[in-house]
$ cat query-v4.txt   # compact mmCIF, C-alpha atoms
# COMPACT_ATOMS: atom_id res chain seq x y z
CA MET A 804 38.30 -31.14 17.65
CA SER A 805 36.35 -27.92 17.18
CA LYS A 806 32.67 -27.61 18.11
CA GLU A 807 31.78 -27.46 14.41
CA ASP A 808 33.84 -30.53 13.54
CA ASN A 809 32.33 -32.46 16.43
CA ARG A 810 28.77 -31.57 15.41
CA LYS A 811 29.45 -32.64 11.84
CA ALA A 812 31.09 -35.88 12.98
CA THR A 813 28.24 -36.89 15.30
CA LEU A 814 25.50 -36.22 12.74
CA THR A 815 27.51 -37.94 10.00
CA LYS A 816 27.90 -41.03 12.20
CA ILE A 817 24.16 -41.14 12.95
CA LEU A 818 23.23 -40.89 9.28
CA THR A 819 25.79 -43.34 7.94
CA GLU A 820 25.98 -45.98 10.68
CA GLN A 821 22.53 -45.97 12.23
CA TYR A 822 20.36 -44.94 9.26
CA LYS A 823 22.53 -46.32 6.44
CA VAL A 824 22.28 -43.30 4.14
CA LYS A 825 23.73 -44.50 0.84
CA ASP A 826 25.06 -41.28 -0.67
CA SER A 827 27.94 -39.57 1.11
CA ASN A 828 27.00 -36.32 -0.62
CA LEU A 829 23.48 -36.52 0.80
CA VAL A 830 25.03 -36.95 4.24
CA LYS A 831 27.04 -33.77 3.63
CA ALA A 832 23.86 -31.99 2.53
CA LEU A 833 22.01 -32.95 5.72
CA VAL A 834 25.00 -32.06 7.88
CA ALA A 835 24.98 -28.63 6.22
CA LEU A 836 21.36 -28.18 7.30
CA GLY A 837 22.46 -29.07 10.82
CA GLU A 838 25.10 -26.36 10.66
CA ALA A 839 22.59 -23.82 9.35
CA SER A 840 20.26 -24.75 12.21
CA THR A 841 23.03 -24.28 14.75
CA THR A 842 23.80 -20.80 13.42
CA ILE A 843 20.11 -19.88 13.53
CA THR A 844 19.97 -21.15 17.13
CA ASP A 845 22.71 -18.65 17.99
CA ILE A 846 20.96 -15.85 16.08
CA LEU A 847 17.69 -16.48 17.92
CA THR A 848 19.43 -16.74 21.30
CA ASN A 849 20.86 -13.24 20.79
CA TYR A 850 17.74 -11.76 19.18
CA VAL A 851 16.55 -8.62 20.99
CA SER A 852 14.76 -6.09 18.79
CA HIS A 853 11.83 -6.77 16.47
CA THR A 854 13.01 -4.57 13.60
CA TYR A 855 11.73 -4.60 10.04
CA ALA A 856 13.96 -4.44 7.00
CA GLY A 857 11.51 -2.29 5.01
CA THR A 858 10.99 -5.02 2.38
CA GLN A 859 8.45 -7.76 1.71
CA ASN A 860 8.95 -11.34 0.61
CA GLN A 861 7.13 -12.90 -2.35
CA SER A 862 4.19 -13.83 -0.09
CA GLY A 863 3.66 -10.20 0.86
CA ASP A 864 4.97 -10.59 4.41
CA ASP A 865 6.99 -7.75 5.89
CA GLN A 866 10.55 -9.00 6.34
CA LEU A 867 12.31 -8.74 9.68
CA HIS A 868 16.06 -8.27 9.80
CA LEU A 869 15.86 -11.60 11.64
CA ASP A 870 14.31 -13.30 8.58
CA ILE A 871 17.13 -12.05 6.39
CA ASP A 872 19.85 -13.03 8.88
CA CYS A 873 18.47 -16.59 9.07
CA ASP A 874 18.19 -16.75 5.28
CA ASN A 875 21.82 -15.68 4.95
CA ALA A 876 22.86 -18.32 7.52
CA CYS A 877 21.26 -21.07 5.44
CA PHE A 878 22.78 -19.89 2.18
CA ALA A 879 26.22 -19.69 3.80
CA ALA A 880 26.01 -23.25 5.15
CA ILE A 881 24.81 -24.82 1.90
CA ARG A 882 27.42 -22.98 -0.17
CA GLU A 883 30.15 -24.15 2.18
CA SER A 884 29.01 -27.78 1.88
CA GLY A 885 29.86 -27.88 -1.83
CA VAL A 886 27.08 -30.38 -2.65
CA PHE A 887 24.23 -28.07 -3.65
CA SER A 888 23.60 -26.65 -7.10
CA ILE A 889 20.46 -24.51 -6.71
CA ALA A 890 18.63 -23.09 -3.71
CA ALA A 891 15.51 -20.98 -3.25
CA SER A 892 13.80 -19.81 -0.08
CA GLU A 893 10.76 -17.90 1.12
CA GLU A 894 12.97 -14.84 1.54
CA THR A 895 14.92 -15.42 -1.70
CA PRO A 896 12.21 -16.91 -3.97
CA VAL A 897 14.33 -17.39 -7.08
CA GLU A 898 16.51 -20.29 -8.13
CA THR A 899 19.92 -19.16 -6.91
CA ASP A 900 23.19 -20.76 -8.02
CA VAL A 901 24.99 -21.98 -4.89
CA SER A 902 27.39 -24.40 -6.55
CA SER A 903 31.10 -24.25 -5.92
CA SER A 904 31.56 -23.71 -9.66
CA ASN A 905 31.11 -20.05 -8.78
CA ASP A 906 34.44 -20.33 -6.97
CA GLY A 907 36.18 -21.38 -10.15
CA ASP A 908 36.62 -25.11 -9.57
CA GLY A 909 33.96 -26.07 -12.09
CA GLN A 910 32.15 -28.41 -9.66
CA GLU A 911 28.39 -28.60 -10.07
CA GLY A 912 26.30 -29.44 -7.01
CA PHE A 913 24.45 -32.73 -6.63
CA PHE A 914 21.24 -31.40 -5.05
CA SER A 915 18.82 -28.50 -5.00
CA LEU A 916 17.19 -27.07 -1.90
CA GLY A 917 13.90 -25.32 -1.20
CA PHE A 918 13.54 -23.89 2.28
CA ASP A 919 11.89 -21.50 4.71
CA PRO A 920 14.68 -20.29 7.00
CA LEU A 921 12.40 -19.02 9.77
CA ASP A 922 8.84 -20.30 9.89
CA GLY A 923 6.85 -18.43 12.54
CA SER A 924 8.77 -15.15 12.70
CA SER A 925 5.45 -13.31 13.27
CA ILE A 926 5.05 -15.09 16.65
CA ILE A 927 8.61 -14.81 17.82
CA ASP A 928 8.00 -11.85 20.16
CA ALA A 929 5.78 -14.14 22.24
CA ASN A 930 8.87 -16.35 22.63
CA PHE A 931 7.01 -19.24 21.00
CA SER A 932 8.89 -22.00 19.25
CA VAL A 933 9.73 -21.36 15.59
CA GLY A 934 11.34 -23.50 12.93
CA SER A 935 13.10 -24.01 9.61
CA ILE A 936 11.74 -26.19 6.79
CA PHE A 937 13.93 -27.87 4.15
CA GLY A 938 13.35 -30.03 1.07
CA ILE A 939 16.21 -31.63 -0.89
CA TRP A 940 15.83 -32.69 -4.53
CA PRO A 941 18.37 -34.49 -6.72
CA GLY A 942 19.93 -32.58 -9.58
CA LYS A 943 19.54 -28.97 -10.58
CA GLY A 944 16.36 -26.98 -10.02
CA VAL A 945 13.38 -26.81 -7.66
CA LEU A 946 10.65 -25.45 -9.95
CA GLY A 947 8.03 -27.99 -10.97
CA ARG A 948 9.38 -30.63 -8.60
CA THR A 949 7.17 -32.76 -6.35
CA GLY A 950 7.60 -33.99 -2.80
CA ARG A 951 7.87 -37.57 -4.01
CA GLU A 952 11.04 -36.63 -5.90
CA GLN A 953 12.82 -35.52 -2.74
CA VAL A 954 15.79 -37.50 -1.52
CA ALA A 955 15.35 -36.07 2.00
CA SER A 956 13.50 -33.39 3.91
CA ALA A 957 13.95 -31.85 7.32
CA VAL A 958 12.33 -29.55 9.88
CA THR A 959 14.28 -27.80 12.62
CA LEU A 960 12.45 -26.67 15.75
CA TYR A 961 13.92 -23.92 17.91
CA GLY A 962 12.39 -24.00 21.38
CA PRO A 963 13.67 -25.06 24.79
CA ARG A 964 15.79 -27.45 22.70
CA THR A 965 17.00 -27.30 19.10
CA THR A 966 15.78 -30.43 17.33
CA LEU A 967 16.23 -31.53 13.74
CA CYS A 968 13.69 -33.97 12.30
CA ILE A 969 14.93 -35.73 9.15
CA ALA A 970 12.79 -37.76 6.74
CA LEU A 971 14.54 -40.26 4.46
CA PRO A 972 12.70 -42.21 1.74
CA SER A 973 13.67 -45.85 1.40
CA ALA A 974 15.58 -45.12 -1.82
CA SER A 975 18.03 -42.95 0.13
CA THR A 976 19.02 -45.60 2.68
CA ASP A 977 19.96 -49.27 2.89
CA LEU A 978 17.36 -49.89 5.59
CA GLY A 979 14.79 -51.15 3.10
CA LYS A 980 12.13 -48.76 4.41
CA ASP A 981 11.38 -45.07 4.91
CA ALA A 982 12.94 -43.55 8.02
CA VAL A 983 12.09 -40.48 10.09
CA LEU A 984 14.30 -39.53 13.01
CA GLU A 985 14.83 -36.65 15.40
CA VAL A 986 18.21 -35.44 16.64
CA THR A 987 18.77 -32.88 19.37
CA LEU A 988 21.64 -30.41 19.66
CA THR A 989 23.28 -31.02 23.04
CA LYS A 990 26.38 -30.39 25.16
CA VAL A 991 26.60 -26.65 24.48
CA GLU A 992 25.97 -27.05 20.74
CA THR A 993 28.78 -29.55 20.21
CA VAL A 994 26.89 -32.82 19.65
CA TRP A 995 23.86 -34.10 17.74
CA GLU A 996 22.17 -36.98 19.61
CA VAL A 997 19.27 -39.15 18.48
CA SER A 998 16.28 -38.16 20.61
CA ARG A 999 13.61 -40.12 18.69
CA ASP A 1000 14.77 -43.00 16.55
CA ALA A 1001 11.49 -43.40 14.65
CA ILE A 1002 8.59 -41.00 14.13
CA GLN A 1003 5.24 -41.89 12.61
CA ILE A 1004 2.04 -39.88 12.31
CA ASN A 1005 -0.84 -41.77 13.91
CA ALA A 1006 -3.85 -42.59 11.77
CA SER A 1007 -6.09 -40.75 14.23
CA GLY A 1008 -5.71 -38.36 17.14
CA LYS A 1009 -7.49 -35.90 19.42
CA VAL A 1010 -5.43 -32.75 18.89
CA PHE A 1011 -6.01 -30.13 16.17
CA ALA A 1012 -4.08 -27.05 15.03
CA PRO A 1013 -6.08 -25.19 12.35
CA GLY A 1014 -4.19 -22.75 10.14
CA ASN A 1015 -5.72 -19.60 8.63
CA LEU A 1016 -8.96 -19.69 10.62
CA ARG A 1017 -10.21 -16.65 8.71
CA ALA A 1018 -10.62 -18.87 5.67
CA SER A 1019 -13.38 -20.79 7.48
CA ASN A 1020 -15.60 -17.75 6.97
CA ASP A 1021 -15.39 -18.20 3.20
CA ASN A 1022 -14.93 -21.97 2.89
CA ALA A 1023 -17.93 -23.93 4.12
CA GLN A 1024 -16.09 -27.25 4.01
CA TYR A 1025 -13.23 -25.93 6.13
CA ASN A 1026 -15.70 -24.46 8.60
CA ALA A 1027 -17.50 -27.82 8.80
CA LEU A 1028 -14.21 -29.57 9.52
CA ILE A 1029 -13.41 -27.17 12.36
CA GLN A 1030 -16.89 -27.64 13.82
CA HIS A 1031 -16.37 -31.41 13.63
CA TRP A 1032 -13.16 -31.16 15.63
CA ILE A 1033 -14.90 -29.01 18.23
CA SER A 1034 -18.02 -31.19 18.49
CA GLU A 1035 -15.84 -34.30 18.84
CA ARG A 1036 -14.02 -32.56 21.71
CA TYR A 1037 -10.60 -32.43 20.08
CA THR A 1038 -7.97 -30.45 22.02
CA LEU A 1039 -6.74 -27.23 20.43
CA ARG A 1040 -2.94 -26.86 20.30
CA TYR A 1041 -2.10 -23.88 18.14
CA THR A 1042 0.72 -21.33 18.12
CA GLY A 1043 0.42 -19.89 14.62
CA GLY A 1044 3.67 -21.42 13.37
CA MET A 1045 3.47 -24.42 11.05
CA ALA A 1046 6.74 -26.03 12.15
CA PRO A 1047 5.96 -26.12 15.90
CA ASP A 1048 2.31 -27.05 15.36
CA VAL A 1049 3.15 -29.99 13.11

$ encode --input "query-v4.txt" --output "structure tokens"
Amino acid sequence: MSKEDNRKATLTKILTEQYKVKDSNLVKALVALGEASTTITDILTNYVSHTYAGTQNQSGDDQLHLDIDCDNACFAAIRESGVFSIAASEETPVETDVSSSNDGDGQEGFFSLGFDPLDGSSIIDANFSVGSIFGIWPGKGVLGRTGREQVASAVTLYGPRTTLCIALPSASTDLGKDAVLEVTLTKVETVWEVSRDAIQINASGKVFAPGNLRASNDNAQYNALIQHWISERYTLRYTGGMAPDV
């Protein structure tokens, strides 16, 4: 069995047997995100030069060649899966047809995907952890959709390990409850293994990671919140990338 086939088989088994995902096409969609994450892991491992592409994304950020390579890796994986209809990303911020009907078989995809292929590219030269962020919606289109409509979402973290955190609403599984799990890419990128079988955000904590601190100069309420964290002796843990900080 090839490395790719083994990765797909191990993640499929986790999703179907352990987490009882109802829809086989949703399993294929999540496996595709695992494959995209594996390709991005390889891209980052071989990343050397911080070179700009000479373009900006819709947010006004200067695009690295790395951003574009990771974006292309995601689009390639979701097209190959054959279960997506529409996709849009931070680097490609338009609804893009990724269905296999483009290949002439007339098959429309089952899901649509919104994603950020490389969250934290501005901090990558410090060798900090970075990530990918994915949201999967049923049907065709991502514009005007809400998070509550998602059938699954995922965040990949690329650091000392490559981990994929998957959130499944109760409607997507036969568990009778929402599920959030973490899998880790192991054995020389051949196997996905469950590394955390259940994840829950605590109601309270003592760690804070404020984004866009400059806004506290203009927003009195945000500034007051930051001062509260400091006065209550919260611990600052902040890299500048949303995926690793969350």

$ closest_residue --input "query-v4.txt" --among "A:His868, A:Arg999, A:Lys831, A:Arg948" --to "A:Glu883" --atoms "all atoms listed in the file"
A:Lys831

$ closest_residue --input "query-v4.txt" --among "A:Val1010, A:Ile846, A:Ala955, A:Val991" --to "A:Val824" --atoms "only C-alpha atoms"
A:Ala955

$ closest_residue --input "query-v4.txt" --among "A:Ser932, A:Leu869, A:Ala957, A:Thr895" --to "A:Ala835" --atoms "all atoms listed in the file"
A:Ala957

$ residues_around --input "query-v4.txt" --residues "A:Pro1047" --least-positions-apart "6" --cutoff "9 Å" --atoms "all atoms listed in the file" --output "PyMOL selection string"
chain A and resi 922-923+931-934+960-962+1041

$ closest_residue --input "query-v4.txt" --among "A:Thr976, A:Thr899, A:Gln953, A:Thr959" --to "A:Asp919" --atoms "all atoms listed in the file"
A:Thr959

$ closest_residue --input "query-v4.txt" --among "A:Ala1012, A:Ala876, A:Val997, A:Ile969" --to "A:Leu1039" --atoms "all atoms listed in the file"
A:Ala1012

$ residues_around --input "query-v4.txt" --residues "A:Gly917" --least-positions-apart "6" --cutoff "6 Å" --atoms "all atoms listed in the file" --output "PyMOL selection string"
chain A and resi 890-892+937-938

$ write_last_selection --input "query-v4.txt" --atoms "C-alpha atoms" --output "CSV table (one decimal), in the frame of the given file"
chain,number,residue,atom,x,y,z
A,890,ALA,CA,18.6,-23.1,-3.7
A,891,ALA,CA,15.5,-21.0,-3.2
A,892,SER,CA,13.8,-19.8,-0.1
A,937,PHE,CA,13.9,-27.9,4.2
A,938,GLY,CA,13.4,-30.0,1.1

$ residues_around --input "query-v4.txt" --residues "A:Ile817" --least-positions-apart "4" --cutoff "9 Å" --atoms "only C-alpha atoms" --output "PyMOL selection string"
chain A and resi 812-813+821-823+995-997

$ write_last_selection --input "query-v4.txt" --atoms "C-alpha atoms" --output "PDB file, in the coordinates of the input"
ATOM      1  CA  ALA A 812      31.090 -35.880  12.980  1.00  0.00           C
ATOM      2  CA  THR A 813      28.240 -36.890  15.300  1.00  0.00           C
ATOM      3  CA  GLN A 821      22.530 -45.970  12.230  1.00  0.00           C
ATOM      4  CA  TYR A 822      20.360 -44.940   9.260  1.00  0.00           C
ATOM      5  CA  LYS A 823      22.530 -46.320   6.440  1.00  0.00           C
ATOM      6  CA  TRP A 995      23.860 -34.100  17.740  1.00  0.00           C
ATOM      7  CA  GLU A 996      22.170 -36.980  19.610  1.00  0.00           C
ATOM      8  CA  VAL A 997      19.270 -39.150  18.480  1.00  0.00           C
TER       9      VAL A 997
END

$ closest_residue --input "query-v4.txt" --among "A:Asp1000, A:Asp826, A:Asp872, A:Glu838" --to "A:Val983" --atoms "only C-alpha atoms"
A:Asp1000

$ atom_distance --input "query-v4.txt" --atom1 "atom CA of A:Ser903" --atom2 "atom CA of A:Ser915"
13.0 Å

$ atom_distance --input "query-v4.txt" --atom1 "atom CA of A:Leu1028" --atom2 "atom CA of A:Asn1015"
13.1 Å

$ atom_distance --input "query-v4.txt" --atom1 "atom CA of A:Thr842" --atom2 "atom CA of A:Ile1004"
29.0 Å
